[in-house]
Amino acid sequence: MSVLEKLTYFLGVGLGSGLSPKAPGTAGSIAVLIFIPLWILLGTDWSIVVIALAAIIGIPICGKTAQLMGVHDDGRIVWDEFVGQSMAIIPLIFFAQVTLLNVALAFVFFRLFDIWKPWPIRYFDRNVHGGFGIMFDDILAGLMAMFAVWGWLALHIA
């Protein structure tokens, strides 16, 4: 592998978190929580920009990593979890409600939608392939989790 391919692979496996022998998607979702101080520092608007850029560059990262592994959407590819889980954290930043309970709730909501894959997530997971397909179902799970967290906060802060 070239240096660029090694870097792409390292990013694709979520800085190594996706290489966990058990539940690599969950390990990737946990690993991304270390970025919460960065999201707080950047604030809502800049966090959204960075997460959107991560989603865009995630398409070739995930596609190339899958190609290097020789398997479509291998469980070890967790860059998509990095993006989706980060999306679920956005309402916590927006409402300045970053507590252990709320972070745990955002984590659970994202993992629930990512694993359960309700419509339309399941449709895109099964029918869209390549780097875009790998990323898009987790973006949808991240959006659903983000709205669920938003709803939770709307009910519990006032």
# chains A, B, ... in the order shown; residues from 1 in each chain; ligands from 1

call {"tool": "select_by_dssp", "arguments": {"residues": "chain A", "states": "alpha helix (DSSP H)", "output": "PyMOL selection string"}}
result
chain A and resi 3-12+24-31+36-69+79-94+100-116+121-127+130-156

call {"tool": "write_last_selection", "arguments": {"atoms": "C-alpha atoms", "output": "short mmCIF file (atom, residue, chain, number, x, y, z; two decimals), in the first residue's frame"}}
result
data_model
loop_
_atom_site.label_atom_id
_atom_site.label_comp_id
_atom_site.auth_asym_id
_atom_site.auth_seq_id
_atom_site.Cartn_x
_atom_site.Cartn_y
_atom_site.Cartn_z
CA VAL A 3 1.35 6.12 2.07
CA LEU A 4 -1.91 7.70 0.88
CA GLU A 5 -3.66 4.30 0.91
CA LYS A 6 -2.38 3.63 4.45
CA LEU A 7 -3.66 7.03 5.61
CA THR A 8 -7.02 6.43 3.91
CA TYR A 9 -7.28 2.99 5.52
CA PHE A 10 -6.36 4.43 8.96
CA LEU A 11 -9.10 7.06 8.61
CA GLY A 12 -11.57 4.52 7.22
CA PRO A 24 -16.40 -2.37 15.69
CA GLY A 25 -19.29 0.02 14.88
CA THR A 26 -19.95 0.55 18.55
CA ALA A 27 -16.22 0.99 19.19
CA GLY A 28 -16.11 3.63 16.45
CA SER A 29 -19.13 5.41 17.90
CA ILE A 30 -17.49 5.45 21.34
CA ALA A 31 -14.16 6.62 19.93
CA ILE A 36 -16.87 16.39 21.97
CA PRO A 37 -14.47 19.00 23.44
CA LEU A 38 -13.62 20.01 19.86
CA TRP A 39 -17.32 20.37 18.97
CA ILE A 40 -17.82 22.49 22.10
CA LEU A 41 -14.80 24.65 21.22
CA LEU A 42 -15.94 25.11 17.61
CA GLY A 43 -19.57 25.78 18.50
CA THR A 44 -22.60 24.60 16.59
CA ASP A 45 -22.04 26.32 13.23
CA TRP A 46 -18.39 25.34 12.79
CA SER A 47 -19.03 21.83 14.11
CA ILE A 48 -21.68 21.38 11.43
CA VAL A 49 -19.22 22.60 8.79
CA VAL A 50 -16.49 20.20 9.98
CA ILE A 51 -18.92 17.27 10.20
CA ALA A 52 -20.27 18.05 6.71
CA LEU A 53 -16.70 18.11 5.35
CA ALA A 54 -16.00 14.81 7.14
CA ALA A 55 -19.09 13.35 5.45
CA ILE A 56 -17.97 14.57 2.02
CA ILE A 57 -14.41 13.27 2.34
CA GLY A 58 -15.84 10.14 3.92
CA ILE A 59 -17.25 9.05 0.58
CA PRO A 60 -13.83 8.42 -1.03
CA ILE A 61 -12.30 7.34 2.32
CA CYS A 62 -14.94 4.64 2.86
CA GLY A 63 -14.98 3.63 -0.81
CA LYS A 64 -11.20 3.24 -0.99
CA THR A 65 -11.02 1.46 2.37
CA ALA A 66 -13.67 -1.02 1.19
CA GLN A 67 -11.69 -1.53 -2.01
CA LEU A 68 -8.49 -2.14 -0.04
CA MET A 69 -10.33 -4.66 2.17
CA TRP A 79 -15.58 6.64 9.43
CA ASP A 80 -19.30 6.69 8.70
CA GLU A 81 -20.01 6.08 12.40
CA PHE A 82 -17.68 8.97 13.23
CA VAL A 83 -19.85 11.26 11.12
CA GLY A 84 -23.24 9.91 12.20
CA GLN A 85 -22.42 9.87 15.90
CA SER A 86 -21.04 13.40 15.68
CA MET A 87 -24.32 14.53 14.12
CA ALA A 88 -26.21 13.15 17.12
CA ILE A 89 -24.11 15.36 19.42
CA ILE A 90 -24.97 18.64 17.64
CA PRO A 91 -28.16 19.40 19.63
CA LEU A 92 -26.18 19.00 22.86
CA ILE A 93 -23.76 21.67 21.67
CA PHE A 94 -26.53 23.94 20.38
CA LEU A 100 -22.93 12.48 30.71
CA LEU A 101 -26.59 11.44 30.55
CA ASN A 102 -27.26 13.40 27.36
CA VAL A 103 -24.09 12.13 25.66
CA ALA A 104 -25.07 8.57 26.60
CA LEU A 105 -28.55 9.19 25.20
CA ALA A 106 -27.13 10.59 21.93
CA PHE A 107 -24.89 7.51 21.71
CA VAL A 108 -27.81 5.13 22.29
CA PHE A 109 -30.07 6.92 19.78
CA PHE A 110 -27.40 6.79 17.07
CA ARG A 111 -26.54 3.14 17.70
CA LEU A 112 -30.26 2.26 17.76
CA PHE A 113 -30.93 3.85 14.36
CA ASP A 114 -27.64 2.56 12.90
CA ILE A 115 -28.30 -1.04 13.95
CA TRP A 116 -32.11 -1.16 13.55
CA ILE A 121 -32.09 3.88 6.21
CA ARG A 122 -32.56 0.19 5.37
CA TYR A 123 -33.49 1.00 1.77
CA PHE A 124 -30.31 3.01 1.18
CA ASP A 125 -28.17 0.49 3.07
CA ARG A 126 -29.34 -2.28 0.74
CA ASN A 127 -29.55 -0.39 -2.54
CA GLY A 130 -19.69 2.32 -2.90
CA GLY A 131 -18.38 5.04 -0.64
CA PHE A 132 -21.60 7.04 -0.92
CA GLY A 133 -23.68 4.04 0.15
CA ILE A 134 -21.42 3.33 3.10
CA MET A 135 -21.70 6.94 4.28
CA PHE A 136 -25.34 7.70 3.46
CA ASP A 137 -27.10 5.19 5.73
CA ASP A 138 -25.07 6.47 8.70
CA ILE A 139 -25.80 10.08 7.76
CA LEU A 140 -29.50 9.20 7.83
CA ALA A 141 -29.08 7.39 11.18
CA GLY A 142 -27.20 10.47 12.45
CA LEU A 143 -30.02 12.77 11.31
CA MET A 144 -32.66 10.59 12.98
CA ALA A 145 -30.59 10.45 16.18
CA MET A 146 -30.03 14.21 16.04
CA PHE A 147 -33.78 14.86 15.83
CA ALA A 148 -34.45 12.34 18.62
CA VAL A 149 -31.90 14.09 20.85
CA TRP A 150 -33.38 17.46 19.89
CA GLY A 151 -36.82 16.18 20.91
CA TRP A 152 -35.48 14.80 24.18
CA LEU A 153 -33.89 18.13 25.02
CA ALA A 154 -37.04 20.05 24.05
CA LEU A 155 -38.98 17.97 26.57
CA HIS A 156 -36.40 18.28 29.34
#

call {"tool": "atom_distance", "arguments": {"atom1": "CA of Leu19 (chain A)", "atom2": "CA of Ile34 (chain A)"}}
result
17.2 Å

call {"tool": "closest_residue", "arguments": {"among": "A:His72, A:Met1, A:Val98, A:Ile77", "to": "Leu33 (chain A)", "atoms": "only C-alpha atoms"}}
result
A:Val98

call {"tool": "atom_distance", "arguments": {"atom1": "CA of Ser17 (chain A)", "atom2": "CA of Val78 (chain A)"}}
result
7.7 Å

call {"tool": "closest_residue", "arguments": {"among": "A:Ala96, A:Val128, A:Leu15, A:Ala23", "to": "Gly75 (chain A)", "atoms": "only C-alpha atoms"}}
result
A:Ala23
